[in-house]
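Text of the file structure_4.txt, holding compact mmCIF, C-alpha atoms and all ligand atoms:
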# COMPACT_ATOMS: atom_id res chain seq x y z
CA MET A 191 -154.92 78.65 106.83
CA LYS A 192 -152.05 77.91 104.51
CA ARG A 193 -148.84 79.77 105.06
CA ARG A 194 -146.12 79.37 102.56
CA ARG A 195 -142.70 80.64 103.38
CA PRO A 196 -141.57 83.20 100.81
CA ASP A 197 -138.75 81.83 98.69
CA PRO A 198 -135.94 84.44 98.62
CA ARG A 199 -134.65 83.08 95.32
CA ARG A 200 -137.69 84.39 93.52
CA ALA A 201 -136.18 87.86 93.60
CA LYS A 202 -133.87 88.76 90.72
CA ILE A 203 -130.76 90.29 92.23
CA HIS A 204 -130.42 93.32 89.94
CA ARG A 205 -134.09 94.16 89.68
CA PRO A 206 -135.77 96.86 91.75
CA TYR A 207 -139.21 95.98 93.09
CA ASP A 208 -141.94 98.22 94.45
CA VAL A 209 -144.26 97.17 97.29
CA ALA A 210 -146.92 95.81 94.93
CA ASP A 211 -144.30 93.83 92.98
CA ILE A 212 -142.93 92.32 96.16
CA ALA A 213 -146.40 91.39 97.40
CA LYS A 214 -147.16 89.67 94.11
CA LEU A 215 -143.77 87.99 93.87
CA PHE A 216 -143.95 86.35 97.27
CA GLU A 217 -147.74 86.01 97.39
CA VAL A 218 -148.07 88.08 100.55
CA HIS A 219 -150.19 91.07 101.50
CA ARG A 220 -148.83 94.55 100.89
CA ASN A 221 -149.02 95.18 104.63
CA THR A 222 -146.67 92.25 105.12
CA VAL A 223 -144.20 93.96 102.81
CA ARG A 224 -144.61 97.19 104.78
CA SER A 225 -143.90 95.33 108.00
CA TRP A 226 -140.77 93.85 106.40
CA LEU A 227 -139.65 97.40 105.66
CA LYS A 228 -140.11 98.23 109.33
CA GLN A 229 -138.25 95.09 110.35
CA GLY A 230 -135.14 96.06 108.44
CA LEU A 231 -135.75 95.50 104.74
CA ARG A 232 -133.85 98.39 103.18
CA ALA A 233 -135.42 100.38 100.39
CA ILE A 234 -133.33 102.22 97.82
CA GLU A 235 -132.67 105.66 99.28
CA ARG A 236 -134.33 108.82 98.05
CA VAL A 237 -136.62 107.03 95.65
CA TRP A 238 -140.40 107.34 95.65
CA PRO A 239 -142.45 105.16 95.55
CA THR A 240 -140.47 102.73 97.67
CA LEU A 241 -138.22 100.45 95.67
CA VAL A 242 -136.22 97.52 96.98
CA LEU A 243 -133.46 95.80 95.12
CA GLY A 244 -133.86 92.07 94.55
CA ALA A 245 -130.52 91.40 96.23
CA GLU A 246 -131.71 93.17 99.36
CA LEU A 247 -134.95 91.18 99.34
CA ARG A 248 -132.95 87.98 99.20
CA ARG A 249 -130.70 89.09 102.03
CA PHE A 250 -133.59 90.14 104.22
CA LEU A 251 -135.72 87.03 103.69
CA THR A 252 -132.83 84.63 104.00
CA GLU A 253 -131.77 86.19 107.29
CA LYS A 254 -135.32 86.32 108.59
CA GLN A 255 -135.86 82.65 107.84
CA GLY A 256 -132.43 81.71 109.10
CA ARG A 257 -133.23 83.32 112.41
CA ARG A 258 -136.43 81.37 112.72
CA LYS A 259 -134.69 78.14 111.85
CA ARG A 260 -131.85 78.71 114.29
CA ARG A 261 -134.27 79.38 117.10
CA LEU A 262 -135.86 75.98 117.13
CA GLN A 263 -134.30 73.00 115.53
CA ASP A 264 -136.02 69.65 115.53
CA GLY A 265 -136.43 68.37 119.02
CA GLN A 266 -135.53 71.70 120.59
CA MET A 267 -137.71 73.87 122.73
CA TYR A 268 -137.39 77.45 123.80
CA CYS A 269 -136.38 78.01 127.41
CA MET A 270 -137.68 81.32 128.73
CA PRO A 271 -135.23 81.80 131.63
CA CYS A 272 -132.23 80.83 129.47
CA ARG A 273 -133.57 82.75 126.48
CA GLU A 274 -132.13 79.98 124.35
CA PRO A 275 -133.37 76.98 122.42
CA ARG A 276 -132.55 73.84 124.35
CA SER A 277 -132.74 70.14 123.74
CA PRO A 278 -134.81 68.56 126.51
CA ALA A 279 -132.96 67.01 129.45
CA LEU A 280 -132.27 63.31 128.81
CA ASP A 281 -134.11 63.76 125.50
CA MET A 282 -137.35 63.23 127.35
CA ALA A 283 -140.60 65.09 126.73
CA GLU A 284 -144.25 64.82 127.64
CA TYR A 285 -147.02 65.42 125.13
CA VAL A 286 -150.44 66.61 126.25
CA PRO A 287 -152.99 66.42 123.44
CA LEU A 288 -155.44 69.32 123.60
CA SER A 289 -157.42 68.79 120.42
CA PRO A 290 -157.28 66.52 117.37
CA THR A 291 -155.06 69.10 115.68
CA GLY A 292 -152.51 69.78 118.35
CA GLY A 293 -151.23 69.81 121.85
CA ASN A 294 -148.46 70.90 124.15
CA LEU A 295 -145.05 69.40 124.40
CA LYS A 296 -143.46 69.80 127.80
CA ALA A 297 -139.86 69.10 128.73
CA LEU A 298 -137.21 70.10 131.24
CA CYS A 299 -134.43 72.48 130.36
CA PRO A 300 -131.12 70.69 131.01
CA GLU A 301 -129.46 73.94 132.11
CA CYS A 302 -131.90 75.59 134.50
CA GLU A 303 -134.41 72.77 135.03
CA THR A 304 -137.41 74.92 134.13
CA TRP A 305 -140.33 73.46 132.21
CA MET A 306 -140.31 74.39 128.55
CA TYR A 307 -143.45 74.26 126.45
CA ARG A 308 -143.98 74.02 122.75
CA ARG A 309 -147.15 73.85 120.71
CA VAL A 310 -147.03 70.88 118.35
CA ARG A 311 -149.24 69.22 115.80
CA PRO A 312 -149.68 65.46 115.66
CA SER A 313 -147.65 65.41 112.45
CA ASP A 314 -144.76 67.15 114.24
CA LEU A 315 -145.11 64.68 117.04
CA ASP A 316 -144.25 61.72 114.85
CA ARG A 317 -141.07 63.45 113.81
CA LEU A 318 -140.23 64.42 117.36
CA LYS A 319 -140.71 60.87 118.54
CA ALA A 320 -137.83 59.86 116.31
CA ILE A 321 -135.57 62.25 118.24
CA LEU A 322 -137.06 62.37 121.72
CA ASP A 323 -138.48 59.94 124.17
CA VAL A 324 -142.06 61.26 124.16
CA THR A 325 -144.61 60.20 126.76
CA VAL A 326 -148.21 60.95 125.83
CA THR A 327 -150.21 62.17 128.82
CA PRO A 328 -153.96 62.69 128.46
CA ALA A 329 -155.03 66.17 129.47
CA ASP A 330 -157.54 66.91 132.24
CA GLU A 331 -157.72 63.82 134.35
CA PRO A 332 -156.36 64.28 137.85
CA LEU A 333 -158.03 67.57 138.73
CA ARG A 334 -161.50 66.74 137.49
CA GLN A 335 -161.65 63.28 138.94
CA THR A 336 -160.82 64.38 142.45
CA SER A 337 -163.80 66.74 142.35
CA HIS A 338 -166.09 63.73 141.90
CA PRO A 339 -165.84 61.68 145.11
CA SER A 340 -168.03 58.93 143.61
CA VAL A 341 -165.18 58.00 141.26
CA ASN A 342 -162.96 57.19 144.22
CA HIS A 343 -165.32 54.93 146.19
CA ASP A 344 -162.86 52.08 146.09
CA SER A 345 -160.39 54.01 148.22
CA ASN A 346 -160.35 54.18 152.00
CA THR A 347 -163.63 55.98 152.69
CA PRO A 348 -164.11 56.28 156.45
CA GLY A 349 -167.04 54.20 157.81
ZN ZN A 401 -133.17 76.93 130.79
Could you show the structure in this file as structure tokens?
Amino acid sequence: MKRRRPDPRRAKIHRPYDVADIAKLFEVHRNTVRSWLKQGLRAIERVWPTLVLGAELRRFLTEKQGRRKRRLQDGQMYCMPCREPRSPALDMAEYVPLSPTGGNLKALCPECETWMYRRVRPSDLDRLKAILDVTVTPADEPLRQTSHPSVNHDSNTPG
């Protein structure tokens, strides 16, 4: 599933666009354009069918993408209790691979000391390792092993 981010600069500032134009311009579905209208993209008033000025499209998309970017910068994770993006405490994080295409990054919030989680791909991980001290922890060992007593026969089994 490829997802390109619409480039706001594709819109010509003085040109009005209808929903179909916008969909074609940014290579998105018309329903996506309709959801943008619900999210705050302003159409020209009292005009039917809906028309949006290129300048407004640029404003809306730039803001929308800016918001997303501000939320999580490289190396940051979202802390639920703080409702803020945070850089992990001591720049330390733990990576738990879940599949060949991704896993969970886990780190402590430096403010409230709650665990923060972020879904990452192995390609993101390489980048994150440049910023954070990442420990890779294999998933699913401790719990499963303790349910198989035979694995632990070297430990102090009573007589
Ligand atoms: Zn926090």
**Request:** Would you mind listing the residues within 9 Å of ligand ZN 401 (chain A), counting all atoms listed in the file, as a ChimeraX atom specification?
**Result:** /A:268-276,298-306
**Asked** In Å, how far is it from CA of Gln263 (chain A) to CA of Ala297 (chain A)?
**Response** 14.8 Å
Within 10 Å of Ile212 (chain A), counting only C-alpha atoms, which residues show up once you throw out same-chain ones fewer than 4 positions away? Write them as a short mmCIF file (atom, residue, chain, number, x, y, z; two decimals) with C-alpha atoms, in the coordinates of the input, please.
data_model
loop_
_atom_site.label_atom_id
_atom_site.label_comp_id
_atom_site.auth_asym_id
_atom_site.auth_seq_id
_atom_site.Cartn_x
_atom_site.Cartn_y
_atom_site.Cartn_z
CA ARG A 200 -137.69 84.39 93.52
CA ALA A 201 -136.18 87.86 93.60
CA PRO A 206 -135.77 96.86 91.75
CA TYR A 207 -139.21 95.98 93.09
CA ASP A 208 -141.94 98.22 94.45
CA PHE A 216 -143.95 86.35 97.27
CA GLU A 217 -147.74 86.01 97.39
CA VAL A 218 -148.07 88.08 100.55
CA HIS A 219 -150.19 91.07 101.50
CA ARG A 220 -148.83 94.55 100.89
CA THR A 222 -146.67 92.25 105.12
CA VAL A 223 -144.20 93.96 102.81
CA LEU A 241 -138.22 100.45 95.67
CA VAL A 242 -136.22 97.52 96.98
CA GLY A 244 -133.86 92.07 94.55
CA LEU A 247 -134.95 91.18 99.34
#
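In this structure, CA of Gly265 (chain A) sits 5.7 Å away from CA of Leu318 (chain A).
Taking CA of Lys214 (chain A) as the reference point, CA of Leu227 (chain A) is found at 15.8 Å.
Nearest to Pro239 (chain A) of all the residues A:Val209, A:Lys202, A:Glu284, A:Gly292 is A:Val209, counting all atoms listed in the file.
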**Request:** Find the spatial neighbours of Leu251 (chain A), counting only C-alpha atoms, within a cut-off of 8 Å - ignore same-chain residues fewer than 3 positions away - and output them as a ChimeraX atom specification.
**Result:** /A:196-198,247-248,254-255
**Message:** Can you pull out the residues contacting Asn294 (chain A)? Cut-off 7 Å, using all atoms listed in the file, and skip same-chain residues under 2 positions away; I want them as a VMD selection string.
**Reply:** chain A and resid 285 to 287 296 307 to 310
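Distances from A:Arg249, A:Lys319, A:Arg199, A:His204 to Gly230 (chain A) were compared using all atoms listed in the file, and the smallest one belongs to A:Arg249.
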With C-alpha atoms retained, output region 208-257 of chain A as a PDB file, in the first residue's frame.
ATOM      1  CA  ASP A 208     -13.915  21.223  -7.820  1.00  0.00           C
ATOM      2  CA  VAL A 209     -13.850  17.925  -5.894  1.00  0.00           C
ATOM      3  CA  ALA A 210     -12.955  15.871  -8.973  1.00  0.00           C
ATOM      4  CA  ASP A 211     -10.145  18.295  -9.884  1.00  0.00           C
ATOM      5  CA  ILE A 212      -8.719  18.105  -6.393  1.00  0.00           C
ATOM      6  CA  ALA A 213      -8.880  14.307  -6.356  1.00  0.00           C
ATOM      7  CA  LYS A 214      -7.039  14.164  -9.666  1.00  0.00           C
ATOM      8  CA  LEU A 215      -4.520  16.832  -8.719  1.00  0.00           C
ATOM      9  CA  PHE A 216      -3.399  15.129  -5.529  1.00  0.00           C
ATOM     10  CA  GLU A 217      -4.076  11.561  -6.675  1.00  0.00           C
ATOM     11  CA  VAL A 218      -6.510  10.862  -3.861  1.00  0.00           C
ATOM     12  CA  HIS A 219     -10.040   9.497  -3.749  1.00  0.00           C
ATOM     13  CA  ARG A 220     -12.955  11.907  -3.960  1.00  0.00           C
ATOM     14  CA  ASN A 221     -14.046  10.739  -0.524  1.00  0.00           C
ATOM     15  CA  THR A 222     -10.690  11.883   0.803  1.00  0.00           C
ATOM     16  CA  VAL A 223     -11.408  15.335  -0.591  1.00  0.00           C
ATOM     17  CA  ARG A 224     -14.845  15.264   1.048  1.00  0.00           C
ATOM     18  CA  SER A 225     -13.253  14.362   4.368  1.00  0.00           C
ATOM     19  CA  TRP A 226     -10.829  17.284   3.942  1.00  0.00           C
ATOM     20  CA  LEU A 227     -13.862  19.538   3.533  1.00  0.00           C
ATOM     21  CA  LYS A 228     -15.208  18.206   6.809  1.00  0.00           C
ATOM     22  CA  GLN A 229     -11.831  18.678   8.474  1.00  0.00           C
ATOM     23  CA  GLY A 230     -11.727  22.371   7.694  1.00  0.00           C
ATOM     24  CA  LEU A 231     -10.910  22.816   4.020  1.00  0.00           C
ATOM     25  CA  ARG A 232     -13.002  25.851   3.111  1.00  0.00           C
ATOM     26  CA  ALA A 233     -14.985  25.873  -0.097  1.00  0.00           C
ATOM     27  CA  ILE A 234     -15.900  29.098  -1.865  1.00  0.00           C
ATOM     28  CA  GLU A 235     -19.197  30.217  -0.357  1.00  0.00           C
ATOM     29  CA  ARG A 236     -22.515  29.994  -2.151  1.00  0.00           C
ATOM     30  CA  VAL A 237     -21.118  28.166  -5.138  1.00  0.00           C
ATOM     31  CA  TRP A 238     -22.397  24.826  -6.401  1.00  0.00           C
ATOM     32  CA  PRO A 239     -20.825  22.388  -7.127  1.00  0.00           C
ATOM     33  CA  THR A 240     -18.232  22.820  -4.409  1.00  0.00           C
ATOM     34  CA  LEU A 241     -15.227  24.843  -5.481  1.00  0.00           C
ATOM     35  CA  VAL A 242     -12.054  25.399  -3.501  1.00  0.00           C
ATOM     36  CA  LEU A 243      -9.470  28.001  -4.293  1.00  0.00           C
ATOM     37  CA  GLY A 244      -5.925  26.749  -4.863  1.00  0.00           C
ATOM     38  CA  ALA A 245      -4.612  29.062  -2.145  1.00  0.00           C
ATOM     39  CA  GLU A 246      -6.995  27.503   0.357  1.00  0.00           C
ATOM     40  CA  LEU A 247      -5.923  24.009  -0.697  1.00  0.00           C
ATOM     41  CA  ARG A 248      -2.322  24.949  -0.073  1.00  0.00           C
ATOM     42  CA  ARG A 249      -3.132  26.417   3.319  1.00  0.00           C
ATOM     43  CA  PHE A 250      -5.154  23.410   4.387  1.00  0.00           C
ATOM     44  CA  LEU A 251      -2.669  20.765   3.249  1.00  0.00           C
ATOM     45  CA  THR A 252       0.355  22.602   4.570  1.00  0.00           C
ATOM     46  CA  GLU A 253      -1.257  22.970   7.983  1.00  0.00           C
ATOM     47  CA  LYS A 254      -2.459  19.390   8.020  1.00  0.00           C
ATOM     48  CA  GLN A 255       1.010  18.089   7.224  1.00  0.00           C
ATOM     49  CA  GLY A 256       2.654  20.528   9.586  1.00  0.00           C
ATOM     50  CA  ARG A 257       0.507  19.221  12.389  1.00  0.00           C
TER      51      ARG A 257
END
